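**Student:** Input: one structure, supplied below.
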There are 2 protein chains.
Amino acid sequence: MSDERRSLLAEKTPFPDDLDERLRAQLTFLVEVDQLKTILRQSPLAAADRRENDAEHSWHLAMMVVILAEHSDEPIDVGHTIQLVLLHDLVEIYAGDTPLYDSAAGVDQREREVAAADKLFGLLPADQARRMRSLWDEFEERRTPEAKFAKAMDRLQPLLLNWMARGGTWRTPGITADDVRARKAVIGEASSALWEAGRRLIDEGETRGWSRSGVSRP
Amino acid sequence: MSDERRSLLAEKTPFPDDLDERLRAQLTFLVEVDQLKTILRQSPLAAADRRENDAEHSWHLAMMVVILAEHSDEPIDVGHTIQLVLLHDLVEIYAGDTPLYDSAAGVDQREREVAAADKLFGLLPADQARRMRSLWDEFEERRTPEAKFAKAMDRLQPLLLNWMARGGTWRTPGITADDVRARKAVIGEASSALWEAGRRLIDEGETRGWSRSGVSRP
């Protein structure tokens with residue numbers, strides 16, 4: 001996946017030579033990120049019998065920010081929070097998706113994603129590359145109210161899809177309802193109301209047998 | 001498509017009864033809009049051999065706003081513009097996609113889409129329903145600098161995909177390069193730089209035979 005020699009998507013149909021250089025760099029990036037639509041996640045769609053891709057997921061998070069921002073425990077800048085969720089998964093274009101319940105894949109995840117960020121954002125004019133990297137770092141560090149809320153959306157959205165699927169990835173072998181609670185608890189760092197609702201869905205799912213009860217693996 | 005009796009997606013797996021009423025309405029809406037991921041457009045992806053769906057398209061437009069906002073001829077509020085593109089196609093969940101080069105389907109498009117907006121936004125708490133409708137009206141009326149820029153992205157993005165596909169929907173039977181220019185000219189209402197680049201791609205595509213030369217149909 002992280003083949004450094006892989007050519008850019010835009011090179012398949014190069015833009016005319018006389019295009020403004022800065023705009024050409026921007027369009028090259030915007031064509032390259034079309035690949036986000038091909039990165040499959042584990043989550044099943046609610047509206048169709050297939051898995052979700054990263055572009056659909058990112059759009060859904062952005063829409064959730066618009067509708068649910070009022071539930072943030074701290075005031076947040078909605079436009080800024082939306083930008084965080086729009087780009088939070090871009091690094092997966094080169095680094096791939098790392099499933100939440102796959103501990104092994106998580107080992108070198110950070111390293112792979114930083115290399116991907118350098119390569120992908122490096123397509124942009126330098127000022128915009130720095131800004132995109134800064135936004136992605138903000139999301140990853142989860143310290144600002146906006147980043148906390150963005151991360152909460154990233155955890156709440158698949159929870160909703162799993163609820164709709166009556167289990168979904170909650171049924172991952174070896175995973176218990178306690179594991180789900182542990183991984184979703186970051187929602188509570190952004191919004192007590194949304195975490196209360198999220199916990200309610202997880203509890204109810206466990207009661208209905210959509211996830212496994214019992215203690216976590218050691 | 002506009003079957004009024006069609007049940008809501010969230011009714012397939014109803015939320016627990018004790019969920020807060022306002023939050024339940026918001027989550028019901030957020031599950032319903034999952035269907036945007038199933039509305040297919042005419043545009044071919046650059047990254048895979050299939051057509052694009054509305055959720056992917058909306059995400060791509062939002063990312064374009066982040067990167068290309070500097071090219072707007074008038075100053076724009078980036079966060080507000082992103083919200084316009086995120087929701088601009090939501091009405092297609094009930095009204096369906098109306099291809100740009102299909103004049104017949106355009107006849108009752110407005111009527112179908114207004115009915116869809118009433119139904120879909122009506123799932124939200126009243127204050128948010130009004131706000132979403134106001135944002136959608138703003139996009140459709142194309143009077144604010146933000147709405148003009150959002151519409152420009154909506155026209156520029158498939159142009160990029162058609163360029164990458166060496167034709168794409170430019171090859172629609174009966175459509176000429178002049179038709180493409182006429183339908184894309186609204187880009188120029190928002191950004192002279194982006195319209196210059198867009199026209200350059202259309203011209204070059206015509207030269208290379210990716211669209212048909214000649215006058216428009218009467």
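How things are named: the first chain in the structure tokens is A, the next is B, and so on; residues count from 1 in each chain; ligands count from 1 in the order shown.
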Counting only C-alpha atoms, which residues in chain B sit no more than 7 Å from chain A? For each one, give the nearest pair of atoms and the distance in Å, sorted by chain then residue number, as a tab-separated table.
**Tutor:**
```
residue	atom	partner	partner_atom	distance
B:Thr13	CA	A:Met164	CA	5.5
B:Leu19	CA	A:Ala197	CA	6.8
B:Gln26	CA	A:Ile67	CA	6.8
B:Leu30	CA	A:Met64	CA	6.8
B:Asp34	CA	A:Ala47	CA	5.8
B:Gln35	CA	A:Ala47	CA	5.2
B:Lys37	CA	A:Glu56	CA	6.5
B:Ala46	CA	A:Asp34	CA	6.3
B:Ala47	CA	A:Gln35	CA	5.2
B:Ala55	CA	A:Glu56	CA	5.3
B:Glu56	CA	A:Glu56	CA	5.3
B:Ser58	CA	A:Trp59	CA	6.9
B:Trp59	CA	A:Trp59	CA	5.0
B:Met63	CA	A:Leu86	CA	6.8
B:Met64	CA	A:Leu30	CA	6.8
B:Ile67	CA	A:Gln26	CA	6.8
B:Gly79	CA	A:Gly79	CA	3.9
B:His80	CA	A:Gly79	CA	6.8
B:Leu86	CA	A:Met63	CA	6.8
B:Met164	CA	A:Thr13	CA	5.5
B:Ala197	CA	A:Leu19	CA	6.8
```
**Student:** Store the residues of this selection in a file with N, CA, C and O atoms, as a compact mmCIF listing (two decimals), in the first residue's frame.
**Tutor:**
```txt
# COMPACT_ATOMS: atom_id res chain seq x y z
N THR B 13 -34.78 -0.38 12.93
CA THR B 13 -34.25 -0.73 14.25
C THR B 13 -34.50 0.48 15.16
O THR B 13 -33.61 1.31 15.38
N LEU B 19 -34.86 7.46 24.97
CA LEU B 19 -33.89 8.43 24.44
C LEU B 19 -34.53 9.82 24.45
O LEU B 19 -35.72 9.96 24.14
N GLN B 26 -32.92 14.04 15.97
CA GLN B 26 -31.65 14.30 15.26
C GLN B 26 -31.03 13.00 14.75
O GLN B 26 -30.56 12.93 13.61
N LEU B 30 -30.19 11.67 11.00
CA LEU B 30 -28.83 11.28 10.63
C LEU B 30 -28.75 9.84 10.11
O LEU B 30 -27.86 9.53 9.32
N ASP B 34 -28.29 8.45 5.57
CA ASP B 34 -27.36 7.40 5.11
C ASP B 34 -27.67 7.05 3.65
O ASP B 34 -26.79 6.59 2.92
N GLN B 35 -28.93 7.26 3.25
CA GLN B 35 -29.35 6.93 1.88
C GLN B 35 -28.64 7.76 0.82
O GLN B 35 -28.64 7.39 -0.35
N LYS B 37 -25.70 7.86 0.35
CA LYS B 37 -24.61 7.00 -0.13
C LYS B 37 -25.07 6.03 -1.22
O LYS B 37 -24.25 5.35 -1.82
N ALA B 46 -12.49 8.92 -10.50
CA ALA B 46 -11.14 8.90 -11.07
C ALA B 46 -10.37 7.69 -10.55
O ALA B 46 -9.49 7.15 -11.21
N ALA B 47 -10.72 7.23 -9.34
CA ALA B 47 -9.92 6.22 -8.64
C ALA B 47 -10.44 4.80 -8.81
O ALA B 47 -9.78 3.86 -8.37
N ALA B 55 -23.01 11.03 -1.63
CA ALA B 55 -22.27 11.30 -0.39
C ALA B 55 -20.79 11.53 -0.70
O ALA B 55 -20.16 12.46 -0.17
N GLU B 56 -20.24 10.70 -1.59
CA GLU B 56 -18.84 10.87 -2.01
C GLU B 56 -18.66 12.23 -2.69
O GLU B 56 -17.67 12.94 -2.45
N SER B 58 -20.49 14.92 -2.33
CA SER B 58 -20.63 16.02 -1.37
C SER B 58 -19.36 16.18 -0.53
O SER B 58 -18.93 17.30 -0.24
N TRP B 59 -18.76 15.06 -0.14
CA TRP B 59 -17.48 15.13 0.58
C TRP B 59 -16.42 15.79 -0.29
O TRP B 59 -15.66 16.64 0.17
N MET B 63 -14.15 19.21 0.41
CA MET B 63 -12.68 19.26 0.39
C MET B 63 -12.19 20.30 -0.62
O MET B 63 -11.21 21.02 -0.38
N MET B 64 -12.89 20.44 -1.73
CA MET B 64 -12.53 21.45 -2.73
C MET B 64 -12.71 22.86 -2.17
O MET B 64 -11.91 23.75 -2.46
N ILE B 67 -9.68 23.73 -0.07
CA ILE B 67 -8.44 23.94 -0.84
C ILE B 67 -8.54 25.12 -1.82
O ILE B 67 -7.56 25.82 -2.07
N GLY B 79 -16.39 27.94 6.36
CA GLY B 79 -17.23 27.00 7.12
C GLY B 79 -18.66 27.01 6.64
O GLY B 79 -19.32 25.96 6.51
N HIS B 80 -19.18 28.19 6.34
CA HIS B 80 -20.55 28.31 5.85
C HIS B 80 -20.69 27.68 4.45
O HIS B 80 -21.66 26.97 4.17
N LEU B 86 -22.33 20.35 1.79
CA LEU B 86 -22.63 19.10 2.51
C LEU B 86 -24.09 18.70 2.35
O LEU B 86 -24.41 17.52 2.28
N MET B 164 -10.46 13.47 -16.11
CA MET B 164 -9.71 12.26 -15.76
C MET B 164 -10.17 11.06 -16.57
O MET B 164 -9.37 10.19 -16.93
N ALA B 197 -9.53 28.08 -15.80
CA ALA B 197 -8.97 26.72 -15.81
C ALA B 197 -9.98 25.71 -16.33
O ALA B 197 -9.65 24.82 -17.13
```
**Student:** Which residues are close to Glu74 of chain B, i.e. within 9 Å by only C-alpha atoms, leaving aside same-chain residues fewer than 4 positions away? Reply as a list in words.
**Tutor:**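 Here the qualifying residues turn out to be Pro145, Glu146, Ala190 and Ser191 of chain B.
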**Student:** Extract the full set of helix (DSSP H, G or I) residues from chain B according to DSSP on the backbone, and format it as JSON, numbers by chain.
**Tutor:** {"B": [9, 10, 11, 12, 21, 22, 23, 24, 25, 26, 27, 28, 29, 30, 31, 32, 33, 34, 35, 36, 37, 38, 54, 55, 56, 57, 58, 59, 60, 61, 62, 63, 64, 65, 66, 67, 68, 69, 70, 71, 78, 79, 80, 81, 82, 83, 84, 85, 86, 87, 92, 93, 94, 95, 109, 110, 111, 112, 113, 114, 115, 116, 117, 118, 119, 120, 121, 126, 127, 128, 129, 130, 131, 132, 133, 134, 135, 136, 137, 138, 139, 140, 141, 145, 146, 147, 148, 149, 150, 151, 152, 153, 154, 155, 156, 157, 158, 159, 160, 161, 162, 163, 164, 168, 169, 170, 171, 177, 178, 179, 180, 181, 182, 183, 184, 187, 188, 189, 190, 192, 193, 194, 195, 196, 197, 198, 199, 200, 201, 202, 203, 204, 205, 206, 207]}
**Student:** Report the distance between atom CA of Glu21 of chain B and atom CA of Arg130 of chain B in Å, rounded to one decimal place.
**Tutor:**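 Pair atom CA of Glu21 of chain B / atom CA of Arg130 of chain B returns 17.9 Å.
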**Student:** If you run DSSP on the backbone here, which positions in segment 9-184 of chain A get strand (DSSP E or B)? Please write them as an MDAnalysis selection string.
**Tutor:** chainID A and resid 40:44 51:53 176
